[in-house]
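Asks: Here you go, coords_6.cif (mmCIF, C-alpha atoms):
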```cif
data_coords
loop_
_atom_site.label_atom_id
_atom_site.label_comp_id
_atom_site.auth_asym_id
_atom_site.auth_seq_id
_atom_site.Cartn_x
_atom_site.Cartn_y
_atom_site.Cartn_z
CA ASP A 287 0.03 -15.18 -45.00
CA ASN A 288 -0.35 -13.20 -48.23
CA LEU A 289 -0.48 -9.70 -46.80
CA ASP A 290 1.41 -6.90 -48.50
CA ASP A 291 2.03 -3.36 -47.35
CA LYS A 292 -0.97 -1.98 -49.29
CA GLU A 293 -3.35 -4.03 -47.18
CA LEU A 294 -1.82 -3.00 -43.87
CA ASP A 295 -3.62 0.20 -42.94
CA SER A 296 -3.18 1.34 -39.34
CA LYS A 297 -6.51 0.14 -37.95
CA SER A 298 -6.45 -3.40 -39.35
CA ALA A 299 -2.71 -3.87 -38.72
CA ASN A 300 -2.97 -2.69 -35.12
CA ARG A 301 -5.78 -5.10 -34.43
CA LEU A 302 -3.93 -7.98 -36.11
CA ILE A 303 -0.69 -7.27 -34.23
CA TYR A 304 -2.56 -7.18 -30.93
CA ILE A 305 -4.24 -10.52 -31.60
CA LEU A 306 -0.96 -12.10 -32.74
CA SER A 307 0.85 -10.74 -29.66
CA GLN A 308 -1.13 -13.21 -27.55
CA HIS A 309 -0.39 -16.35 -29.56
CA ASN A 310 2.30 -15.65 -32.16
CA PRO A 311 4.49 -12.67 -31.20
CA ALA A 312 7.08 -13.50 -33.86
CA ARG A 313 4.41 -13.13 -36.54
CA ALA A 314 3.33 -9.83 -34.95
CA LEU A 315 6.87 -8.52 -35.51
CA GLU A 316 6.74 -9.68 -39.12
CA ILE A 317 3.49 -7.77 -39.67
CA PHE A 318 5.08 -4.62 -38.23
CA ARG A 319 8.04 -4.93 -40.63
CA LEU A 320 5.63 -5.13 -43.57
CA MET A 321 4.03 -1.81 -42.68
CA THR A 322 5.01 1.47 -44.30
CA GLN A 323 6.09 4.27 -41.96
CA GLU A 324 3.05 6.43 -42.79
CA ASN A 325 0.73 3.67 -41.54
CA ILE A 326 2.55 3.22 -38.23
CA ASP A 327 1.01 5.12 -35.33
CA PHE A 328 1.14 5.12 -31.53
CA ARG A 329 -1.09 2.05 -31.24
CA THR A 330 1.13 0.13 -33.67
CA TYR A 331 4.20 0.70 -31.51
CA GLN A 332 2.28 -0.07 -28.33
CA ASN A 333 0.91 -3.38 -29.60
CA THR A 334 4.19 -4.47 -31.17
CA ILE A 335 6.16 -3.73 -27.99
CA LEU A 336 3.52 -5.69 -26.09
CA ALA A 337 4.17 -8.58 -28.50
CA CYS A 338 7.89 -8.31 -27.64
CA GLN A 339 7.11 -8.46 -23.93
CA ARG A 340 4.93 -11.54 -24.35
CA GLY A 341 7.41 -13.20 -26.68
CA ALA A 342 10.29 -12.60 -24.29
CA LYS A 343 8.31 -14.15 -21.47
CA ALA A 344 7.14 -17.17 -23.46
CA GLU A 345 10.19 -17.93 -25.60
CA ASN A 346 13.08 -16.34 -23.71
CA ASP A 347 14.53 -15.23 -27.06
CA PRO A 348 16.88 -12.19 -27.10
CA ILE A 349 15.35 -11.04 -30.40
CA TYR A 350 12.37 -9.67 -28.50
CA PHE A 351 14.62 -7.62 -26.21
CA GLU A 352 16.52 -6.20 -29.17
CA SER A 353 13.30 -5.50 -31.08
CA ALA A 354 11.72 -3.73 -28.12
CA LEU A 355 14.70 -1.38 -27.76
CA SER A 356 14.64 -0.70 -31.49
CA LEU A 357 10.91 0.04 -31.43
CA LEU A 358 11.35 2.39 -28.48
CA ARG A 359 14.02 4.35 -30.38
CA ARG A 360 11.90 4.50 -33.55
CA MET A 361 8.91 5.63 -31.54
CA GLU A 362 10.88 8.54 -30.06
CA GLU A 363 12.36 9.46 -33.43
CA SER A 364 8.80 9.62 -34.79
CA GLY A 365 7.92 12.20 -32.15
CA LEU A 366 5.63 9.86 -30.22
CA LYS A 367 5.79 9.84 -26.41
CA PRO A 368 5.93 6.36 -24.79
CA THR A 369 3.65 5.80 -21.82
CA LYS A 370 4.63 4.22 -18.50
CA GLU A 371 3.02 0.98 -19.70
CA ILE A 372 5.23 0.94 -22.79
CA PHE A 373 8.38 1.63 -20.78
CA SER A 374 7.37 -1.14 -18.38
CA SER A 375 6.92 -3.57 -21.27
CA VAL A 376 10.33 -2.69 -22.73
CA ILE A 377 12.02 -3.17 -19.34
CA SER A 378 10.26 -6.52 -18.95
CA THR A 379 11.83 -7.83 -22.17
CA CYS A 380 15.22 -7.58 -20.42
CA CYS A 381 14.20 -10.79 -18.63
CA ALA A 382 14.73 -12.69 -21.88
CA VAL A 383 18.46 -11.97 -21.70
CA GLU A 384 18.64 -11.60 -17.90
CA ASN A 385 20.12 -8.16 -18.48
CA TRP A 386 19.52 -6.14 -15.32
CA GLN A 387 22.06 -3.54 -16.50
CA ALA A 388 19.85 -2.76 -19.50
CA ALA A 389 16.78 -2.54 -17.28
CA PHE A 390 18.62 -0.12 -14.99
CA ALA A 391 19.81 1.95 -17.95
CA ILE A 392 16.28 2.37 -19.31
CA PHE A 393 14.86 3.11 -15.87
CA SER A 394 17.59 5.67 -15.11
CA ARG A 395 17.56 7.39 -18.51
CA TYR A 396 13.87 8.20 -18.76
CA LYS A 397 12.17 10.26 -16.08
CA GLU A 398 8.88 8.84 -17.40
CA CYS A 399 9.99 5.57 -15.79
CA ARG A 400 9.71 7.03 -12.31
CA ASN A 401 6.58 5.10 -11.44
CA VAL A 402 5.80 1.89 -9.62
CA TYR A 403 5.06 -0.09 -12.81
CA CYS A 404 8.54 0.48 -14.25
CA LEU A 405 10.17 0.06 -10.85
CA ASN A 406 8.49 -3.33 -10.44
CA SER A 407 9.56 -4.39 -13.93
CA ALA A 408 13.17 -3.40 -13.26
CA LEU A 409 13.18 -5.23 -9.91
CA ALA A 410 11.76 -8.32 -11.59
CA VAL A 411 14.61 -8.32 -14.12
CA CYS A 412 17.09 -8.12 -11.23
CA CYS A 413 15.36 -11.08 -9.60
CA SER A 414 15.50 -13.22 -12.72
CA SER A 415 19.17 -12.29 -13.17
CA GLY A 416 20.07 -13.11 -9.56
CA ALA A 417 21.07 -9.48 -8.95
CA TRP A 418 19.43 -9.30 -5.51
CA LEU A 419 21.87 -6.72 -4.15
CA GLU A 420 21.24 -4.39 -7.09
CA ALA A 421 17.48 -4.88 -6.63
CA LEU A 422 17.78 -3.90 -2.97
CA GLU A 423 19.89 -0.84 -3.84
CA MET A 424 17.35 0.29 -6.43
CA TYR A 425 14.49 -0.19 -3.97
CA GLU A 426 16.27 1.79 -1.25
CA LYS A 427 17.17 4.57 -3.69
CA TYR A 428 13.66 5.11 -5.06
CA LYS A 429 11.28 4.03 -2.28
CA THR A 430 10.77 7.61 -1.08
CA GLU A 431 10.23 8.96 -4.60
CA ILE A 432 8.03 6.05 -5.75
CA THR A 433 5.57 4.53 -3.29
CA PRO A 434 6.07 0.72 -3.36
CA ASN A 435 3.04 -1.55 -3.68
CA PHE A 436 2.36 -5.22 -2.96
CA VAL A 437 4.12 -6.37 -6.15
CA THR A 438 7.20 -4.29 -5.32
CA ILE A 439 7.63 -5.86 -1.89
CA ASN A 440 6.79 -9.34 -3.13
CA THR A 441 9.30 -9.16 -6.00
CA LEU A 442 12.10 -7.85 -3.79
CA ILE A 443 11.51 -10.45 -1.09
CA ILE A 444 11.58 -13.25 -3.67
CA ALA A 445 14.96 -11.96 -4.84
CA LEU A 446 16.37 -11.60 -1.34
CA LEU A 447 15.17 -14.99 -0.16
CA THR A 448 15.55 -17.24 -3.22
CA LYS A 449 18.56 -15.60 -4.88
CA GLY A 450 20.43 -14.05 -1.97
CA LYS A 451 19.35 -16.25 0.95
CA GLN A 452 19.07 -13.00 2.91
CA VAL A 453 16.41 -13.78 5.50
CA GLU A 454 17.14 -10.83 7.78
CA LEU A 455 17.18 -8.32 4.92
CA ALA A 456 13.93 -9.75 3.56
CA ALA A 457 12.39 -9.54 7.04
CA ASN A 458 13.45 -5.89 7.37
CA VAL A 459 11.91 -4.99 4.00
CA TYR A 460 8.73 -6.82 4.93
CA GLN A 461 8.41 -5.25 8.38
CA GLU A 462 8.97 -1.79 6.93
CA ALA A 463 6.15 -2.43 4.46
CA VAL A 464 3.87 -3.65 7.25
CA ASN A 465 4.66 -0.59 9.38
CA SER A 466 3.81 1.72 6.46
CA SER A 467 0.57 -0.22 5.73
CA GLN A 468 1.75 -1.33 2.28
CA ILE A 469 1.30 -4.95 3.40
CA ASN A 470 -1.26 -6.36 5.82
CA HIS A 471 -1.34 -10.07 6.67
CA TRP A 472 -4.22 -9.84 9.15
CA LYS A 473 -7.89 -10.31 8.31
CA LEU A 474 -10.96 -9.88 10.48
CA GLN A 475 -13.50 -12.63 9.83
CA ASP A 476 -17.29 -12.38 10.02
CA ASP A 477 -17.17 -13.90 13.52
CA ASN A 478 -14.93 -10.98 14.56
CA LYS A 479 -11.93 -13.27 14.99
CA GLU A 480 -8.62 -12.30 13.45
CA VAL A 481 -6.65 -14.67 11.24
CA MET A 482 -3.36 -14.47 9.36
CA ASP A 483 -4.27 -14.27 5.66
CA LEU A 484 -1.46 -15.28 3.27
CA HIS A 485 -3.44 -16.71 0.38
CA TYR A 486 -2.38 -13.87 -1.96
CA PHE A 487 1.25 -14.13 -0.86
CA SER A 488 4.09 -15.77 -2.75
CA THR A 489 5.82 -18.67 -1.01
CA SER A 490 8.75 -16.43 -0.16
CA MET A 491 6.71 -13.60 1.29
CA ALA A 492 4.51 -16.02 3.23
CA GLN A 493 7.62 -17.45 4.88
CA ILE A 494 8.82 -13.98 5.85
CA ALA A 495 5.36 -13.05 7.17
CA VAL A 496 5.39 -16.05 9.51
CA TYR A 497 8.96 -15.25 10.50
CA SER A 498 7.82 -11.70 11.33
CA VAL A 499 4.95 -12.86 13.54
CA LEU A 500 7.14 -15.35 15.41
CA ASN A 501 9.68 -12.59 16.07
CA SER A 502 6.86 -10.40 17.31
CA LEU A 503 6.01 -12.99 19.97
CA LEU A 504 9.45 -12.39 21.44
CA SER A 505 9.05 -8.61 21.65
CA ILE A 506 7.73 -6.38 24.39
CA HIS A 507 4.62 -5.65 22.32
CA PRO A 508 3.73 -8.90 20.53
CA ARG A 509 1.22 -8.65 17.68
CA TRP A 510 -0.46 -11.92 18.66
CA SER A 511 -1.42 -13.41 22.04
CA VAL A 512 0.12 -16.76 22.91
CA ASN A 513 -3.15 -17.54 24.67
CA GLU A 514 -5.04 -17.76 21.39
CA ASP A 515 -4.87 -20.32 18.59
CA LEU A 516 -3.44 -18.89 15.39
CA ILE A 517 -5.15 -19.63 12.08
CA ILE A 518 -3.10 -19.08 8.92
CA ILE A 519 -4.99 -18.93 5.61
CA VAL A 520 -2.81 -20.22 2.77
CA GLY A 521 -5.32 -20.98 0.01
CA ARG A 522 -6.02 -24.21 -1.84
CA GLY A 523 -5.19 -23.29 -5.43
CA LYS A 524 -3.50 -25.46 -8.03
CA GLU A 525 0.21 -26.19 -7.83
CA SER A 526 2.26 -23.82 -9.97
CA SER A 527 5.92 -23.19 -10.63
CA GLU A 528 7.69 -20.00 -9.70
CA ASN A 529 8.05 -17.36 -12.39
CA ILE A 530 9.94 -14.48 -10.85
CA CYS A 531 10.10 -12.33 -13.97
CA ALA A 532 6.32 -12.35 -14.30
CA ASN A 533 5.74 -11.85 -10.57
CA THR A 534 3.73 -15.04 -10.39
CA GLU A 535 5.63 -17.06 -7.85
CA GLY A 536 3.19 -19.76 -6.70
CA HIS A 537 0.70 -18.50 -4.10
CA THR A 538 -1.04 -21.88 -3.92
CA SER A 539 -1.35 -24.93 -1.69
CA ALA A 540 2.44 -25.18 -2.01
CA VAL A 541 2.46 -22.19 0.34
CA GLY A 542 0.71 -24.26 2.99
CA ASN A 543 3.24 -27.06 2.82
CA LYS A 544 6.09 -24.57 3.02
CA ILE A 545 4.61 -22.86 6.05
CA LEU A 546 4.28 -26.22 7.80
CA ASP A 547 7.99 -26.76 7.13
CA VAL A 548 8.86 -23.29 8.42
CA LEU A 549 6.94 -23.83 11.65
CA GLU A 550 8.51 -27.24 12.10
CA GLY A 551 11.91 -25.56 11.80
CA TYR A 552 10.97 -23.48 14.82
CA ARG A 553 9.86 -26.68 16.61
CA ILE A 554 6.26 -25.50 16.47
CA GLN A 555 3.72 -28.21 15.71
CA SER A 556 0.97 -27.23 13.30
CA GLU A 557 -1.53 -28.90 11.00
CA PHE A 558 -4.07 -28.23 8.29
CA VAL A 559 -7.54 -27.59 9.67
CA GLU A 560 -9.60 -30.76 9.31
CA GLY A 561 -11.53 -30.65 6.06
CA ASN A 562 -9.82 -27.45 4.91
CA CYS A 563 -6.30 -27.69 3.48
CA GLY A 564 -6.38 -23.94 2.89
CA ARG A 565 -6.01 -23.22 6.60
CA ILE A 566 -3.26 -24.06 9.07
CA LEU A 567 -3.90 -24.29 12.81
CA VAL A 568 -1.22 -23.40 15.33
CA LYS A 569 -2.51 -24.07 18.84
CA ALA A 570 -1.90 -21.56 21.61
CA GLU A 571 -0.02 -24.17 23.60
CA GLU A 572 2.53 -24.50 20.80
CA LEU A 573 3.04 -20.74 20.76
CA ARG A 574 3.55 -20.67 24.53
CA ASN A 575 6.03 -23.53 24.30
CA TYR A 576 7.91 -21.62 21.62
CA VAL A 577 8.17 -18.46 23.76
CA SER A 578 9.09 -20.50 26.86
CA ARG A 579 12.30 -21.62 25.14
CA PHE A 580 13.61 -18.06 25.48
CA VAL A 581 14.83 -16.03 28.48
CA THR A 582 15.01 -12.29 29.18
CA PRO A 583 18.50 -10.95 28.43
CA ASP A 584 20.31 -8.63 30.78
CA VAL A 585 20.35 -5.78 28.24
CA ASP A 586 18.36 -2.63 27.62
CA ASP A 587 16.58 -3.54 24.39
CA ASP A 588 13.07 -2.33 23.62
CA SER A 589 12.58 -4.52 20.57
CA ILE A 590 13.51 -8.15 21.26
CA LEU A 591 12.72 -9.21 24.80
CA LEU A 592 13.84 -12.82 24.78
CA TYR A 593 16.87 -14.88 23.78
CA GLU A 594 16.74 -18.61 23.19
CA LYS A 595 17.83 -20.77 26.08
CA PRO A 596 20.83 -23.00 25.40
CA GLU A 597 20.07 -26.68 25.01
#
```
Would you give me this structure, written as structure tokens?
Replies:
Amino acid sequence: DNLDDKELDSKSANRLIYILSQHNPARALEIFRLMTQENIDFRTYQNTILACQRGAKAENDPIYFESALSLLRRMEESGLKPTKEIFSSVISTCCAVENWQAAFAIFSRYKECRNVYCLNSALAVCCSSGAWLEALEMYEKYKTEITPNFVTINTLIIALLTKGKQVELAANVYQEAVNSSQINHWKLQDDNKEVMDLHYFSTSMAQIAVYSVLNSLLSIHPRWSVNEDLIIIVGRGKESSENICANTEGHTSAVGNKILDVLEGYRIQSEFVEGNCGRILVKAEELRNYVSRFVTPDVDDDSILLYEKPE
């Protein structure tokens, strides 16, 4: 509490700012302001911007967003080149003010942002701001230039499903990712039996994965046989709340309960495997009953083979 600028050499200040960024980001900013310009180096900016990112996430205070932008400008004026991690951290602070326009502006202005880390951060800001359409447009614009990863698809699907209620759009994004091997919801067990593994998935993406498989059953080339029981792994972790901006939407036992609800909506009976609430069993008979409720349309369509029979 009694530090003055003479005590704040680069090495000790950088270490102190990093430690404070984890527990007291506001104090980390104070330490930075006490430093003289000659003692501020690349690591100082990096750690202080990290403190802004963590402060924005924890406290949702616009001061961290404003400070991060100011630090980025000062860093450039000092002739230091920000890394993709620093740009990603700055973009992430936009969540504190739900300012997707600012995230877009940073992403668009700096060519150094053309990487999946910054793309994911910008998409996350869109999600937290409810700007699902803008998130989709950004994804479509850059998906050929920047190869999406699991976090990219997960973040976008959360936005489309929870903010936009766009099931079909979310399903299209998901299926495209599956087709390009960016996402894989199948797992081969030691007994050589295949299961649907969703235990790393968010609740939103797990729903879309199940939706995708059920649609597949109605196609000419279904991905799963209706003559086999389907096991869905959902995990048994602790309950957690959704945090879109941090990409930590709950991939826990809440996923299992949601999947049961989704299947029930399709009039498919399912249940947790006895003694294992991390696995859901869908019997082959239920899958056959589901498919039997559809009839072949009188159209030339190579994708969807069946239409639901009227009640």
Asks: Which residues would end up in the selection if the PyMOL selection byres ((chain A and resi 294-298) around 12) were applied here, given that I need the answer as an MDAnalysis selection string?
Replies: chainID A and resid 288:293 299:305 316:331 333
Asks: Please provide the set of residues having any atom within 10 Å of region 508-510 of chain A, restricted to all atoms listed in the file, with same-chain residues fewer than 4 positions apart removed, written as number ranges by chain.
Replies: A: 480, 498-504, 514-516, 573, 589-591
Asks: Which residue gives the smallest distance to Ala337 (chain A) among A:Leu409, A:Met482, A:Ile372, A:Leu567, with all atoms listed in the file counted?
Replies: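 Closest to Ala337 (chain A), using all atoms listed in the file: A:Ile372.
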Asks: Which residues, named as in the file, does the PyMOL selection byres ((chain A and resi 556) around 12) pick out? Answer as a PyMOL selection string.
Replies: chain A and resi 515-518+542-555+557-560+565-573
Asks: Restrict the selected residues to C-alpha atoms and save them as a PDB file, in the coordinates of the input.
Replies:
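Here's the written file result.pdb:
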```pdb
ATOM      1  CA  ASP A 515      -4.870 -20.320  18.590  1.00  0.00           C
ATOM      2  CA  LEU A 516      -3.440 -18.890  15.390  1.00  0.00           C
ATOM      3  CA  ILE A 517      -5.150 -19.630  12.080  1.00  0.00           C
ATOM      4  CA  ILE A 518      -3.100 -19.080   8.920  1.00  0.00           C
ATOM      5  CA  GLY A 542       0.710 -24.260   2.990  1.00  0.00           C
ATOM      6  CA  ASN A 543       3.240 -27.060   2.820  1.00  0.00           C
ATOM      7  CA  LYS A 544       6.090 -24.570   3.020  1.00  0.00           C
ATOM      8  CA  ILE A 545       4.610 -22.860   6.050  1.00  0.00           C
ATOM      9  CA  LEU A 546       4.280 -26.220   7.800  1.00  0.00           C
ATOM     10  CA  ASP A 547       7.990 -26.760   7.130  1.00  0.00           C
ATOM     11  CA  VAL A 548       8.860 -23.290   8.420  1.00  0.00           C
ATOM     12  CA  LEU A 549       6.940 -23.830  11.650  1.00  0.00           C
ATOM     13  CA  GLU A 550       8.510 -27.240  12.100  1.00  0.00           C
ATOM     14  CA  GLY A 551      11.910 -25.560  11.800  1.00  0.00           C
ATOM     15  CA  TYR A 552      10.970 -23.480  14.820  1.00  0.00           C
ATOM     16  CA  ARG A 553       9.860 -26.680  16.610  1.00  0.00           C
ATOM     17  CA  ILE A 554       6.260 -25.500  16.470  1.00  0.00           C
ATOM     18  CA  GLN A 555       3.720 -28.210  15.710  1.00  0.00           C
ATOM     19  CA  GLU A 557      -1.530 -28.900  11.000  1.00  0.00           C
ATOM     20  CA  PHE A 558      -4.070 -28.230   8.290  1.00  0.00           C
ATOM     21  CA  VAL A 559      -7.540 -27.590   9.670  1.00  0.00           C
ATOM     22  CA  GLU A 560      -9.600 -30.760   9.310  1.00  0.00           C
ATOM     23  CA  ARG A 565      -6.010 -23.220   6.600  1.00  0.00           C
ATOM     24  CA  ILE A 566      -3.260 -24.060   9.070  1.00  0.00           C
ATOM     25  CA  LEU A 567      -3.900 -24.290  12.810  1.00  0.00           C
ATOM     26  CA  VAL A 568      -1.220 -23.400  15.330  1.00  0.00           C
ATOM     27  CA  LYS A 569      -2.510 -24.070  18.840  1.00  0.00           C
ATOM     28  CA  ALA A 570      -1.900 -21.560  21.610  1.00  0.00           C
ATOM     29  CA  GLU A 571      -0.020 -24.170  23.600  1.00  0.00           C
ATOM     30  CA  GLU A 572       2.530 -24.500  20.800  1.00  0.00           C
ATOM     31  CA  LEU A 573       3.040 -20.740  20.760  1.00  0.00           C
TER      32      LEU A 573
END
```
Asks: Between A:Gly341, A:Ile392, A:Gln332, A:Lys427, which residue has the minimum interatomic distance to Arg313 (chain A), considering only C-alpha atoms?
Replies: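 So, comparing all the options, the nearest one is A:Gly341.
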Asks: Report, in Å to a single decimal, how far apart CA of Cys412 (chain A) and CA of Val541 (chain A) are.
Replies: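 Going from CA of Val541 (chain A) over to CA of Cys412 (chain A) covers 23.4 Å.
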Asks: Could you work out how far CA of Asn440 (chain A) lies from CA of Asn478 (chain A), giving the answer in Å with one decimal?
Replies: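 These atoms are spaced 28.1 Å apart.
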Asks: Rounded to one decimal, what separation in Å do you get between CA of Ala421 (chain A) and CA of Leu442 (chain A)?
Replies: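 That distance, rounded to one decimal, is 6.8 Å.
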Asks: So which residues touch Glu431 (chain A) within 10 Å, counting all atoms listed in the file, skipping near sequence neighbours fewer than 4 positions away, as number ranges by chain?
Replies: A: 400-402, 426-427
Asks: Restricting the calculation to all atoms listed in the file, which member of A:Ala312, A:Ala456, A:Ile506, A:Val437 is positioned closest to Leu405 (chain A)?
Replies: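 Result for the nearest residue to Leu405 (chain A): A:Val437.
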Asks: So which one's closest to Gln475 (chain A), A:Ile519, A:Leu446, A:Arg340, A:Ser490? Using all atoms listed in the file, please.
Replies: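 Of A:Ile519, A:Leu446, A:Arg340, A:Ser490, the one nearest Gln475 (chain A) is A:Ile519, counting all atoms listed in the file.
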Asks: Looking at A:Leu315, A:Ala389, A:Ala457, A:Ile494, which one is nearest to Ala417 (chain A), with distances taken over all atoms listed in the file?
Replies: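 Ranked by minimum distance to Ala417 (chain A), first place goes to A:Ala389.
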Asks: Step by step: start from the point (7.0, 3.0, -23.7) in the file's coordinates, keep every protein, DNA or RNA residue that has an atom no farther than 9 Å from it, count only C-alpha atoms, and write the set as a list of chain:residue names.
Replies: A:Tyr331, A:Gln332, A:Ile335, A:Leu358, A:Met361, A:Lys367, A:Pro368, A:Thr369, A:Lys370, A:Glu371, A:Ile372, A:Phe373, A:Ser374, A:Ser375, A:Val376, A:Glu398, A:Cys399
Asks: Could you write those residues out with C-alpha atoms, as a PDB file, in the frame of the given file?
Replies:
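See part_22.pdb below for the written result:
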```pdb
ATOM      1  CA  TYR A 331       4.200   0.700 -31.510  1.00  0.00           C
ATOM      2  CA  GLN A 332       2.280  -0.070 -28.330  1.00  0.00           C
ATOM      3  CA  ILE A 335       6.160  -3.730 -27.990  1.00  0.00           C
ATOM      4  CA  LEU A 358      11.350   2.390 -28.480  1.00  0.00           C
ATOM      5  CA  MET A 361       8.910   5.630 -31.540  1.00  0.00           C
ATOM      6  CA  LYS A 367       5.790   9.840 -26.410  1.00  0.00           C
ATOM      7  CA  PRO A 368       5.930   6.360 -24.790  1.00  0.00           C
ATOM      8  CA  THR A 369       3.650   5.800 -21.820  1.00  0.00           C
ATOM      9  CA  LYS A 370       4.630   4.220 -18.500  1.00  0.00           C
ATOM     10  CA  GLU A 371       3.020   0.980 -19.700  1.00  0.00           C
ATOM     11  CA  ILE A 372       5.230   0.940 -22.790  1.00  0.00           C
ATOM     12  CA  PHE A 373       8.380   1.630 -20.780  1.00  0.00           C
ATOM     13  CA  SER A 374       7.370  -1.140 -18.380  1.00  0.00           C
ATOM     14  CA  SER A 375       6.920  -3.570 -21.270  1.00  0.00           C
ATOM     15  CA  VAL A 376      10.330  -2.690 -22.730  1.00  0.00           C
ATOM     16  CA  GLU A 398       8.880   8.840 -17.400  1.00  0.00           C
ATOM     17  CA  CYS A 399       9.990   5.570 -15.790  1.00  0.00           C
TER      18      CYS A 399
END
```
Asks: May I have the residues within 9 Å of Phe390 (chain A) as a list of chain:residue names, using all atoms listed in the file and disregarding those fewer than 6 positions away in the same chain?
Replies: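 Residues near the query, excluding close chain neighbours: A:Ile377, A:Ala408, A:Cys412, A:Met424.
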Asks: Evaluate the PyMOL selection byres ((chain A and resi 484) around 10) and record the selected residues as number ranges by chain, following the chain and residue labels used in the document.
Replies: A: 470-473, 481-483, 485-489, 491-493, 495-496, 518-521, 537-538, 541-542, 564-565
Asks: Any chance you can output those residues with C-alpha atoms as a CSV table (one decimal), keeping the file's coordinate frame?
Replies:
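result_38.csv, written as the output of this step:
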```
chain,number,residue,atom,x,y,z
A,470,ASN,CA,-1.3,-6.4,5.8
A,471,HIS,CA,-1.3,-10.1,6.7
A,472,TRP,CA,-4.2,-9.8,9.2
A,473,LYS,CA,-7.9,-10.3,8.3
A,481,VAL,CA,-6.6,-14.7,11.2
A,482,MET,CA,-3.4,-14.5,9.4
A,483,ASP,CA,-4.3,-14.3,5.7
A,485,HIS,CA,-3.4,-16.7,0.4
A,486,TYR,CA,-2.4,-13.9,-2.0
A,487,PHE,CA,1.2,-14.1,-0.9
A,488,SER,CA,4.1,-15.8,-2.8
A,489,THR,CA,5.8,-18.7,-1.0
A,491,MET,CA,6.7,-13.6,1.3
A,492,ALA,CA,4.5,-16.0,3.2
A,493,GLN,CA,7.6,-17.4,4.9
A,495,ALA,CA,5.4,-13.0,7.2
A,496,VAL,CA,5.4,-16.0,9.5
A,518,ILE,CA,-3.1,-19.1,8.9
A,519,ILE,CA,-5.0,-18.9,5.6
A,520,VAL,CA,-2.8,-20.2,2.8
A,521,GLY,CA,-5.3,-21.0,0.0
A,537,HIS,CA,0.7,-18.5,-4.1
A,538,THR,CA,-1.0,-21.9,-3.9
A,541,VAL,CA,2.5,-22.2,0.3
A,542,GLY,CA,0.7,-24.3,3.0
A,564,GLY,CA,-6.4,-23.9,2.9
A,565,ARG,CA,-6.0,-23.2,6.6
```
Asks: Considering all atoms listed in the file, state which residue in the set A:Ile349, A:Cys380, A:Leu474, A:Ala354 is at the smallest distance from Leu336 (chain A).
Replies: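 Residue with the minimum atom-to-atom distance to Leu336 (chain A): A:Ala354.
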